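Read the structure below first, then the notes.
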Amino acid sequence: MYKEIIDGKTILVTGGTGSFGKCFVKNILEKYNPQKVIIYSRDEFKQFNMANEFKEYEEKLRFFIGDVRDLERMRRAFRGVDYVIHAAALKQVPSCEYNPNEAIKTNIHGAMNVIEAALDSYVKKVVALSTDKAVNPVNLYGGTKLVSDKLFVAANSYVGTSDLNFSVVRYGNVAGSRGSVIPFFNRIIQEGRRELPITDYRMTRFWISLPEGVELVLMALKEACGGETFISKIPSFKITDLAQAMLPGCEMPEVGIREGEKLHEVMVTLEDSPTTYEYERHYIIYPQMMFNERMRVKPKGKKVAEGFSYSSEKNEEWLSVRQIRDRLEKEMACLLK
């Protein structure tokens, strides 16, 4: 499906040793024939482990030690690159609250550096990973990602006559990724405990797996003209149902919502709805400001109704306890061993 855009291309992934990066790299190496895939990240030990894990693809893999805060290093890494997937970020809400300057340097200044390096290096496409926390942010992490999203959309004003475009993909916590609730619950279960703490019984979340996140990024690479925000259509679930799926019959003490945490995930706000269009498997929020002529595309989707919003609380598709268990068995088996 994406053979024509991946085969023969050089792709760089910032933060490429993370959960998303490893799944993305595995996907494109197994299914397609890229010329080269570059992992750009700070942790040499994670790169060492990933190199061993992907040893059969060593001819196509390159590992670049570097920080998104370092513009000159990224300019060097971006030479000859066709596509950049920007996944690097400080993501832990409490850590960002306690270290605000560091969050700003990585999530905002880092985004600016990715944009500058891409413009200077004649990259063709940049897809930046966003988060539901950037929507009506209530914590610093969300605030930095909101600024990052705005930067990537506005970056299309600087591309001139080049083919480069910048776009964003947005989704919530990926099921089973580091920092999500599933590994947290699983650790408790492995300890032999019979209760799973729930911050708030009303809490809901979207369910997106790593492969679905990868699919959304590939879709953006293929379809983006510049400035779009891509959002998958995915089901919702209740946190209490997740607990029962993972540990049937468990006690679920309500412990109170954590600082900076939301009851529900929001992907499209009421304010976004005037420029949001619906497609078969996703939504696209088109930019309100057009920074170049290529962005003035006529959307092929269906314009959403006035007052539309897309949140985990008001979703039309919900997962039952049985369906959650089935997905866990299918998608998260490696985490639940």
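Scheme for the structure tokens: letters A, B, ... for chains in order shown; per-chain residue numbers from 1; ligand numbers from 1 in order shown.
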
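Summary of the local environment: counting only C-alpha atoms, residues at most 7 Å from A:Arg42, other than itself and those fewer than 4 positions away along its chain, are A:Ile65, A:Gly66, A:Asp67.
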
- Message: Quick one: residues within 10 Å of A:Asn186, only C-alpha atoms, excluding same-chain residues fewer than 2 positions away - as a VMD selection string?
- Response: chain A and resid 176 181 to 184 188 to 192 196 243 246 to 247 335 to 337

Selected residues written out, C-alpha atoms, as an mmCIF file, in the first residue's frame:
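This is the output file result_33.cif:
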```cif
data_model
loop_
_atom_site.group_PDB
_atom_site.id
_atom_site.type_symbol
_atom_site.label_atom_id
_atom_site.label_comp_id
_atom_site.auth_asym_id
_atom_site.auth_seq_id
_atom_site.Cartn_x
_atom_site.Cartn_y
_atom_site.Cartn_z
ATOM 1 C CA GLY A 176 1.108 -1.118 25.896
ATOM 2 C CA VAL A 181 -1.642 2.088 32.036
ATOM 3 C CA ILE A 182 -1.371 -1.459 30.630
ATOM 4 C CA PRO A 183 2.273 -2.101 31.672
ATOM 5 C CA PHE A 184 1.455 -0.448 35.019
ATOM 6 C CA ILE A 188 0.828 -5.123 39.724
ATOM 7 C CA ILE A 189 -0.604 -8.400 38.438
ATOM 8 C CA GLN A 190 2.876 -9.951 38.173
ATOM 9 C CA GLU A 191 3.442 -9.053 41.824
ATOM 10 C CA GLY A 192 0.464 -11.249 42.697
ATOM 11 C CA LEU A 196 -5.855 -2.492 40.457
ATOM 12 C CA ALA A 243 -8.887 -3.482 34.744
ATOM 13 C CA MET A 246 -6.636 -7.788 32.688
ATOM 14 C CA LEU A 247 -7.572 -9.155 36.120
ATOM 15 C CA LEU A 335 4.093 -7.387 27.268
ATOM 16 C CA LEU A 336 1.920 -9.827 29.195
ATOM 17 C CA LYS A 337 4.303 -12.811 29.179
#
```

Each residue of stretch 230-330 of chain A with at least one atom at most 8 Å from stretch 137-154 of chain A should appear once, together with its nearest atom pair and the corresponding distance in Å (one decimal); atoms considered: only C-alpha atoms; ordering: chain, then increasing residue number; output as JSON lines.
```
{"residue": "A:Gly260", "atom": "CA", "partner": "A:Asn139", "partner_atom": "CA", "distance": 4.9}
{"residue": "A:Glu261", "atom": "CA", "partner": "A:Val138", "partner_atom": "CA", "distance": 7.6}
{"residue": "A:Lys262", "atom": "CA", "partner": "A:Val138", "partner_atom": "CA", "distance": 7.9}
{"residue": "A:Pro287", "atom": "CA", "partner": "A:Val153", "partner_atom": "CA", "distance": 7.3}
{"residue": "A:Phe291", "atom": "CA", "partner": "A:Ala154", "partner_atom": "CA", "distance": 7.0}
```

- Message: Report as a list in words all protein, DNA and RNA residues lying within 7 Å of stretch 199-214 of chain A, evaluated on only C-alpha atoms, omitting residues in the same chain fewer than 2 positions from it.
- Response: Phe20, Cys23, Phe24, Gly172, Val174, Ala175, Pro197, Leu216, Val217, Leu218, Ile234, Pro235, Ser236, Phe237, Lys238, Ile239, Thr240, Glu254, Val255, Gly256, Ile257, Arg258, Leu263, His264, Glu265, Ser312 and Glu313 of chain A

Dump N, CA and C atoms for the selected residues as a JSON list (two decimals), in the first residue's frame?
```
[["chain", "number", "residue", "atom", "x", "y", "z"],
["A", 20, "PHE", "N", 7.33, 3.53, 19.68],
["A", 20, "PHE", "CA", 6.85, 3.80, 18.33],
["A", 20, "PHE", "C", 7.96, 3.58, 17.31],
["A", 23, "CYS", "N", 8.66, -0.04, 16.44],
["A", 23, "CYS", "CA", 7.56, -0.64, 15.67],
["A", 23, "CYS", "C", 7.54, -0.10, 14.24],
["A", 24, "PHE", "N", 7.76, 1.19, 14.09],
["A", 24, "PHE", "CA", 7.78, 1.81, 12.76],
["A", 24, "PHE", "C", 8.90, 1.22, 11.91],
["A", 172, "GLY", "N", -3.61, 9.40, 21.31],
["A", 172, "GLY", "CA", -3.40, 9.37, 22.76],
["A", 172, "GLY", "C", -2.37, 8.34, 23.15],
["A", 174, "VAL", "N", -0.55, 5.12, 23.50],
["A", 174, "VAL", "CA", -0.58, 3.89, 22.71],
["A", 174, "VAL", "C", -0.67, 2.70, 23.65],
["A", 175, "ALA", "N", -1.59, 1.79, 23.35],
["A", 175, "ALA", "CA", -1.79, 0.62, 24.20],
["A", 175, "ALA", "C", -0.50, -0.16, 24.36],
["A", 197, "PRO", "N", -5.54, -0.13, 41.08],
["A", 197, "PRO", "CA", -6.02, 1.20, 41.45],
["A", 197, "PRO", "C", -6.55, 1.96, 40.24],
["A", 216, "LEU", "N", -1.00, 5.29, 10.72],
["A", 216, "LEU", "CA", -1.39, 6.70, 10.61],
["A", 216, "LEU", "C", -0.23, 7.55, 10.09],
["A", 217, "VAL", "N", 0.97, 7.27, 10.55],
["A", 217, "VAL", "CA", 2.15, 8.01, 10.08],
["A", 217, "VAL", "C", 2.39, 7.74, 8.60],
["A", 218, "LEU", "N", 2.28, 6.49, 8.18],
["A", 218, "LEU", "CA", 2.46, 6.17, 6.76],
["A", 218, "LEU", "C", 1.39, 6.85, 5.90],
["A", 234, "ILE", "N", -10.76, 5.42, 16.06],
["A", 234, "ILE", "CA", -10.42, 4.29, 16.93],
["A", 234, "ILE", "C", -11.46, 4.17, 18.03],
["A", 235, "PRO", "N", -11.61, 2.99, 18.63],
["A", 235, "PRO", "CA", -12.62, 2.80, 19.68],
["A", 235, "PRO", "C", -12.18, 3.37, 21.02],
["A", 236, "SER", "N", -13.15, 3.57, 21.91],
["A", 236, "SER", "CA", -12.89, 3.99, 23.28],
["A", 236, "SER", "C", -13.08, 2.82, 24.23],
["A", 237, "PHE", "N", -12.58, 2.96, 25.44],
["A", 237, "PHE", "CA", -12.82, 1.98, 26.49],
["A", 237, "PHE", "C", -12.83, 2.69, 27.84],
["A", 238, "LYS", "N", -13.45, 2.04, 28.80],
["A", 238, "LYS", "CA", -13.44, 2.55, 30.17],
["A", 238, "LYS", "C", -12.26, 1.93, 30.91],
["A", 239, "ILE", "N", -11.61, 2.73, 31.74],
["A", 239, "ILE", "CA", -10.47, 2.23, 32.50],
["A", 239, "ILE", "C", -10.90, 1.08, 33.40],
["A", 240, "THR", "N", -12.10, 1.16, 33.95],
["A", 240, "THR", "CA", -12.59, 0.07, 34.80],
["A", 240, "THR", "C", -12.75, -1.22, 34.00],
["A", 254, "GLU", "N", -10.67, 3.43, 44.10],
["A", 254, "GLU", "CA", -10.54, 4.72, 43.42],
["A", 254, "GLU", "C", -9.57, 5.58, 44.23],
["A", 255, "VAL", "N", -8.46, 5.98, 43.60],
["A", 255, "VAL", "CA", -7.38, 6.64, 44.33],
["A", 255, "VAL", "C", -7.27, 8.13, 44.04],
["A", 256, "GLY", "N", -8.08, 8.64, 43.13],
["A", 256, "GLY", "CA", -8.05, 10.07, 42.83],
["A", 256, "GLY", "C", -7.22, 10.38, 41.60],
["A", 257, "ILE", "N", -7.70, 11.33, 40.84],
["A", 257, "ILE", "CA", -7.04, 11.69, 39.59],
["A", 257, "ILE", "C", -5.68, 12.34, 39.88],
["A", 258, "ARG", "N", -4.70, 12.04, 39.06],
["A", 258, "ARG", "CA", -3.35, 12.57, 39.25],
["A", 258, "ARG", "C", -3.23, 13.98, 38.70],
["A", 263, "LEU", "N", -9.84, 13.40, 32.49],
["A", 263, "LEU", "CA", -10.79, 12.30, 32.56],
["A", 263, "LEU", "C", -10.94, 11.61, 31.21],
["A", 264, "HIS", "N", -10.88, 12.39, 30.13],
["A", 264, "HIS", "CA", -11.14, 11.85, 28.80],
["A", 264, "HIS", "C", -10.10, 12.40, 27.81],
["A", 265, "GLU", "N", -9.85, 11.64, 26.77],
["A", 265, "GLU", "CA", -8.96, 12.10, 25.71],
["A", 265, "GLU", "C", -9.77, 12.83, 24.64],
["A", 312, "SER", "N", -12.91, 10.63, 23.70],
["A", 312, "SER", "CA", -13.10, 9.25, 24.12],
["A", 312, "SER", "C", -14.42, 9.08, 24.87],
["A", 313, "GLU", "N", -14.91, 10.14, 25.48],
["A", 313, "GLU", "CA", -16.16, 10.07, 26.25],
["A", 313, "GLU", "C", -17.38, 9.96, 25.33]]
```

- Extract the full set of strand (DSSP E) residues from stretch 204-324 of chain A according to DSSP on the backbone, and format it as a PyMOL selection string. chain A and resi 204-206+229-232+236-238+266-268+276-278+282-285+302-303+310-311

Residues from the last selection, N, CA and C atoms, saved as a PDB file, in the first residue's frame:
```pdb
ATOM      1  N   THR A 204     -12.151   7.532  30.684  1.00  0.00           N
ATOM      2  CA  THR A 204     -12.178   6.812  29.410  1.00  0.00           C
ATOM      3  C   THR A 204     -10.922   7.152  28.617  1.00  0.00           C
ATOM      4  N   ARG A 205     -10.580   6.268  27.706  1.00  0.00           N
ATOM      5  CA  ARG A 205      -9.435   6.478  26.824  1.00  0.00           C
ATOM      6  C   ARG A 205      -9.745   5.898  25.446  1.00  0.00           C
ATOM      7  N   PHE A 206      -9.030   6.410  24.440  1.00  0.00           N
ATOM      8  CA  PHE A 206      -9.040   5.782  23.129  1.00  0.00           C
ATOM      9  C   PHE A 206      -8.090   4.592  23.141  1.00  0.00           C
ATOM     10  N   THR A 229      -3.409  17.862  10.264  1.00  0.00           N
ATOM     11  CA  THR A 229      -3.293  17.032  11.456  1.00  0.00           C
ATOM     12  C   THR A 229      -4.156  15.798  11.233  1.00  0.00           C
ATOM     13  N   PHE A 230      -3.531  14.613  11.235  1.00  0.00           N
ATOM     14  CA  PHE A 230      -4.212  13.349  10.962  1.00  0.00           C
ATOM     15  C   PHE A 230      -4.592  12.677  12.276  1.00  0.00           C
ATOM     16  N   ILE A 231      -5.819  12.166  12.338  1.00  0.00           N
ATOM     17  CA  ILE A 231      -6.339  11.534  13.553  1.00  0.00           C
ATOM     18  C   ILE A 231      -7.072  10.253  13.162  1.00  0.00           C
ATOM     19  N   SER A 232      -6.697   9.132  13.749  1.00  0.00           N
ATOM     20  CA  SER A 232      -7.340   7.855  13.428  1.00  0.00           C
ATOM     21  C   SER A 232      -8.716   7.753  14.056  1.00  0.00           C
ATOM     22  N   SER A 236     -13.152   3.566  21.906  1.00  0.00           N
ATOM     23  CA  SER A 236     -12.895   3.990  23.281  1.00  0.00           C
ATOM     24  C   SER A 236     -13.083   2.816  24.231  1.00  0.00           C
ATOM     25  N   PHE A 237     -12.576   2.962  25.442  1.00  0.00           N
ATOM     26  CA  PHE A 237     -12.821   1.979  26.487  1.00  0.00           C
ATOM     27  C   PHE A 237     -12.827   2.685  27.836  1.00  0.00           C
ATOM     28  N   LYS A 238     -13.450   2.042  28.804  1.00  0.00           N
ATOM     29  CA  LYS A 238     -13.442   2.550  30.170  1.00  0.00           C
ATOM     30  C   LYS A 238     -12.262   1.935  30.914  1.00  0.00           C
ATOM     31  N   VAL A 266      -9.248  13.951  24.187  1.00  0.00           N
ATOM     32  CA  VAL A 266      -9.901  14.740  23.136  1.00  0.00           C
ATOM     33  C   VAL A 266      -8.945  14.862  21.967  1.00  0.00           C
ATOM     34  N   MET A 267      -9.438  14.550  20.775  1.00  0.00           N
ATOM     35  CA  MET A 267      -8.614  14.630  19.577  1.00  0.00           C
ATOM     36  C   MET A 267      -9.010  15.796  18.665  1.00  0.00           C
ATOM     37  N   VAL A 268     -10.313  16.070  18.594  1.00  0.00           N
ATOM     38  CA  VAL A 268     -10.811  17.187  17.784  1.00  0.00           C
ATOM     39  C   VAL A 268     -11.721  18.023  18.669  1.00  0.00           C
ATOM     40  N   THR A 276     -12.353  20.559   9.927  1.00  0.00           N
ATOM     41  CA  THR A 276     -12.146  19.118  10.069  1.00  0.00           C
ATOM     42  C   THR A 276     -12.999  18.348   9.060  1.00  0.00           C
ATOM     43  N   TYR A 277     -12.389  17.352   8.411  1.00  0.00           N
ATOM     44  CA  TYR A 277     -13.096  16.527   7.432  1.00  0.00           C
ATOM     45  C   TYR A 277     -12.951  15.062   7.818  1.00  0.00           C
ATOM     46  N   GLU A 278     -14.011  14.322   7.534  1.00  0.00           N
ATOM     47  CA  GLU A 278     -14.060  12.905   7.888  1.00  0.00           C
ATOM     48  C   GLU A 278     -13.772  12.049   6.670  1.00  0.00           C
ATOM     49  N   HIS A 282     -10.179   7.864   9.097  1.00  0.00           N
ATOM     50  CA  HIS A 282      -9.515   8.914   9.866  1.00  0.00           C
ATOM     51  C   HIS A 282     -10.203  10.257   9.671  1.00  0.00           C
ATOM     52  N   TYR A 283      -9.780  11.209  10.487  1.00  0.00           N
ATOM     53  CA  TYR A 283     -10.159  12.613  10.333  1.00  0.00           C
ATOM     54  C   TYR A 283      -8.901  13.402   9.970  1.00  0.00           C
ATOM     55  N   ILE A 284      -9.112  14.507   9.275  1.00  0.00           N
ATOM     56  CA  ILE A 284      -8.018  15.443   9.033  1.00  0.00           C
ATOM     57  C   ILE A 284      -8.474  16.837   9.441  1.00  0.00           C
ATOM     58  N   ILE A 285      -7.686  17.466  10.300  1.00  0.00           N
ATOM     59  CA  ILE A 285      -7.892  18.877  10.608  1.00  0.00           C
ATOM     60  C   ILE A 285      -6.996  19.669   9.672  1.00  0.00           C
ATOM     61  N   LYS A 302     -15.619  14.283   3.912  1.00  0.00           N
ATOM     62  CA  LYS A 302     -16.895  14.913   4.239  1.00  0.00           C
ATOM     63  C   LYS A 302     -16.691  15.854   5.415  1.00  0.00           C
ATOM     64  N   LYS A 303     -17.130  17.099   5.235  1.00  0.00           N
ATOM     65  CA  LYS A 303     -16.980  18.072   6.313  1.00  0.00           C
ATOM     66  C   LYS A 303     -17.816  17.638   7.516  1.00  0.00           C
ATOM     67  N   TYR A 310     -14.426  15.215  18.845  1.00  0.00           N
ATOM     68  CA  TYR A 310     -14.059  13.799  18.885  1.00  0.00           C
ATOM     69  C   TYR A 310     -13.313  13.537  20.179  1.00  0.00           C
ATOM     70  N   SER A 311     -14.020  12.908  21.115  1.00  0.00           N
ATOM     71  CA  SER A 311     -13.419  12.619  22.417  1.00  0.00           C
ATOM     72  C   SER A 311     -13.729  11.181  22.799  1.00  0.00           C
TER      73      SER A 311
END
```

- Could you please determine the separation between atom CA of A:Ala103 and atom CA of A:Ala117 in Å, to one decimal place?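 That distance, rounded to one decimal, is 20.0 Å.
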
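Distances to A:Tyr40 were evaluated for A:Glu53, A:Asp132, A:Asp70, A:Glu4 using only C-alpha atoms, and the minimum falls at A:Asp70.
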
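Those residues that approach A:Ile85 to within 6 Å, counting only C-alpha atoms, are Val13, Val126, Val127 and Ala128 of chain A; same-chain residues fewer than 5 positions away are not listed.
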
Atoms kept (N, CA and C atoms) for selection, written as a PDB file, in the first residue's frame:
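See again-v2.pdb below for the written result:
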```pdb
ATOM      1  N   VAL A  13      14.286   8.698  11.853  1.00  0.00           N
ATOM      2  CA  VAL A  13      13.326   8.730  12.952  1.00  0.00           C
ATOM      3  C   VAL A  13      14.009   9.316  14.177  1.00  0.00           C
ATOM      4  N   VAL A 126       8.157  15.898   6.455  1.00  0.00           N
ATOM      5  CA  VAL A 126       8.340  15.732   7.891  1.00  0.00           C
ATOM      6  C   VAL A 126       6.977  15.444   8.504  1.00  0.00           C
ATOM      7  N   VAL A 127       6.902  14.360   9.266  1.00  0.00           N
ATOM      8  CA  VAL A 127       5.678  14.032  10.011  1.00  0.00           C
ATOM      9  C   VAL A 127       6.030  14.058  11.497  1.00  0.00           C
ATOM     10  N   ALA A 128       5.337  14.898  12.239  1.00  0.00           N
ATOM     11  CA  ALA A 128       5.595  15.047  13.672  1.00  0.00           C
ATOM     12  C   ALA A 128       4.515  14.345  14.478  1.00  0.00           C
TER      13      ALA A 128
END
```

So that I can check the surroundings of stretch 270-274 of chain A, please list as a tab-separated table (two decimals) with N, CA and C atoms, in the first residue's frame every protein, DNA and RNA residue that reaches within 6 Å of it, counting only C-alpha atoms and ignoring chain neighbours fewer than 5 positions away.
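Result saved to out18.tsv:
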```tsv
chain	number	residue	atom	x	y	z
A	307	GLY	N	-20.27	22.03	15.34
A	307	GLY	CA	-20.28	21.63	16.73
A	307	GLY	C	-19.71	20.25	16.99
A	308	PHE	N	-19.11	19.63	15.96
A	308	PHE	CA	-18.52	18.30	16.12
A	308	PHE	C	-17.30	18.35	17.04
A	309	SER	N	-17.15	17.31	17.84
A	309	SER	CA	-15.91	17.10	18.58
A	309	SER	C	-15.67	15.59	18.64
```

Please, which residues of stretch 161-328 of chain A, numbered as in this document, come out alpha helix (DSSP H) from DSSP, as a tab-separated table (two decimals) with N, CA and C atoms, in the first residue's frame?
```
chain	number	residue	atom	x	y	z
A	181	VAL	N	-1.06	2.76	30.88
A	181	VAL	CA	-1.64	2.09	32.04
A	181	VAL	C	-1.50	0.56	31.95
A	182	ILE	N	-1.41	0.00	30.76
A	182	ILE	CA	-1.37	-1.46	30.63
A	182	ILE	C	-0.12	-2.05	31.27
A	183	PRO	N	1.10	-1.57	30.96
A	183	PRO	CA	2.27	-2.10	31.67
A	183	PRO	C	2.20	-1.86	33.18
A	184	PHE	N	1.60	-0.73	33.59
A	184	PHE	CA	1.45	-0.45	35.02
A	184	PHE	C	0.58	-1.50	35.69
A	185	PHE	N	-0.58	-1.77	35.10
A	185	PHE	CA	-1.46	-2.82	35.65
A	185	PHE	C	-0.75	-4.17	35.61
A	186	ASN	N	-0.03	-4.43	34.53
A	186	ASN	CA	0.61	-5.73	34.39
A	186	ASN	C	1.66	-5.97	35.48
A	187	ARG	N	2.40	-4.93	35.84
A	187	ARG	CA	3.39	-5.07	36.92
A	187	ARG	C	2.72	-5.44	38.24
A	188	ILE	N	1.57	-4.82	38.50
A	188	ILE	CA	0.83	-5.12	39.72
A	188	ILE	C	0.37	-6.58	39.71
A	189	ILE	N	-0.13	-7.02	38.56
A	189	ILE	CA	-0.60	-8.40	38.44
A	189	ILE	C	0.56	-9.38	38.63
A	190	GLN	N	1.71	-9.07	38.04
A	190	GLN	CA	2.88	-9.95	38.17
A	190	GLN	C	3.37	-10.05	39.62
A	210	LEU	N	0.27	0.14	18.61
A	210	LEU	CA	1.46	0.64	17.90
A	210	LEU	C	1.35	0.46	16.39
A	211	PRO	N	0.90	-0.72	15.89
A	211	PRO	CA	0.76	-0.84	14.43
A	211	PRO	C	-0.23	0.17	13.85
A	212	GLU	N	-1.29	0.49	14.58
A	212	GLU	CA	-2.25	1.49	14.10
A	212	GLU	C	-1.61	2.88	14.09
A	213	GLY	N	-0.75	3.16	15.07
A	213	GLY	CA	-0.03	4.42	15.07
A	213	GLY	C	0.92	4.53	13.89
A	214	VAL	N	1.59	3.43	13.58
A	214	VAL	CA	2.48	3.39	12.42
A	214	VAL	C	1.70	3.62	11.14
A	215	GLU	N	0.54	2.98	11.03
A	215	GLU	CA	-0.31	3.13	9.85
A	215	GLU	C	-0.70	4.59	9.64
A	216	LEU	N	-1.00	5.29	10.72
A	216	LEU	CA	-1.39	6.70	10.61
A	216	LEU	C	-0.23	7.55	10.09
A	217	VAL	N	0.97	7.27	10.55
A	217	VAL	CA	2.15	8.01	10.08
A	217	VAL	C	2.39	7.74	8.60
A	218	LEU	N	2.28	6.49	8.18
A	218	LEU	CA	2.46	6.17	6.76
A	218	LEU	C	1.39	6.85	5.90
A	219	MET	N	0.18	6.92	6.43
A	219	MET	CA	-0.89	7.61	5.71
A	219	MET	C	-0.56	9.09	5.53
A	220	ALA	N	-0.02	9.70	6.60
A	220	ALA	CA	0.36	11.10	6.51
A	220	ALA	C	1.48	11.31	5.50
A	221	LEU	N	2.46	10.39	5.49
A	221	LEU	CA	3.54	10.49	4.50
A	221	LEU	C	2.99	10.46	3.08
A	222	LYS	N	1.99	9.65	2.87
A	222	LYS	CA	1.43	9.49	1.53
A	222	LYS	C	0.51	10.65	1.13
A	223	GLU	N	-0.31	11.12	2.07
A	223	GLU	CA	-1.39	12.04	1.71
A	223	GLU	C	-1.11	13.51	1.98
A	239	ILE	N	-11.61	2.73	31.74
A	239	ILE	CA	-10.47	2.23	32.50
A	239	ILE	C	-10.90	1.08	33.40
A	240	THR	N	-12.10	1.16	33.95
A	240	THR	CA	-12.59	0.07	34.80
A	240	THR	C	-12.75	-1.22	34.00
A	241	ASP	N	-13.17	-1.13	32.73
A	241	ASP	CA	-13.29	-2.32	31.89
A	241	ASP	C	-11.91	-2.90	31.55
A	242	LEU	N	-10.93	-2.02	31.37
A	242	LEU	CA	-9.57	-2.50	31.13
A	242	LEU	C	-9.07	-3.30	32.34
A	243	ALA	N	-9.32	-2.78	33.53
A	243	ALA	CA	-8.89	-3.48	34.74
A	243	ALA	C	-9.52	-4.87	34.82
A	244	GLN	N	-10.82	-4.96	34.53
A	244	GLN	CA	-11.51	-6.25	34.59
A	244	GLN	C	-11.05	-7.20	33.49
A	245	ALA	N	-10.65	-6.64	32.35
A	245	ALA	CA	-10.13	-7.48	31.27
A	245	ALA	C	-8.78	-8.08	31.64
A	246	MET	N	-7.98	-7.32	32.35
A	246	MET	CA	-6.64	-7.79	32.69
A	246	MET	C	-6.62	-8.66	33.94
A	321	VAL	N	-15.41	-5.58	27.72
A	321	VAL	CA	-14.35	-6.26	28.46
A	321	VAL	C	-13.78	-7.41	27.62
A	322	ARG	N	-14.64	-8.17	26.98
A	322	ARG	CA	-14.20	-9.28	26.15
A	322	ARG	C	-13.34	-8.79	24.98
A	323	GLN	N	-13.78	-7.72	24.34
A	323	GLN	CA	-13.02	-7.18	23.21
A	323	GLN	C	-11.66	-6.64	23.64
A	324	ILE	N	-11.63	-6.01	24.80
A	324	ILE	CA	-10.35	-5.52	25.34
A	324	ILE	C	-9.41	-6.70	25.57
A	325	ARG	N	-9.95	-7.77	26.17
A	325	ARG	CA	-9.14	-8.96	26.44
A	325	ARG	C	-8.61	-9.56	25.14
A	326	ASP	N	-9.46	-9.61	24.13
A	326	ASP	CA	-9.03	-10.14	22.84
A	326	ASP	C	-7.90	-9.31	22.25
A	327	ARG	N	-8.02	-7.98	22.36
A	327	ARG	CA	-6.98	-7.11	21.83
A	327	ARG	C	-5.68	-7.24	22.62
A	328	LEU	N	-5.81	-7.39	23.91
A	328	LEU	CA	-4.62	-7.58	24.73
A	328	LEU	C	-3.89	-8.86	24.33
```

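Among the candidates A:Lys314, A:Arg194, A:Tyr158, A:Thr269, the residue lying nearest to A:Pro253 is A:Arg194 (atoms considered: only C-alpha atoms).
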
- For atom CA of A:Val93 and atom CA of A:Arg178, determine how far apart the two atoms are, in Å to one decimal place.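 Result for atom CA of A:Val93 versus atom CA of A:Arg178: 12.9 Å, one decimal.
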
- Query: What is the atom CA of A:Phe63-atom CA of A:Gln47 distance in Å, reported with one decimal?
  - Reply: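 Those two atoms sit 6.8 Å apart.
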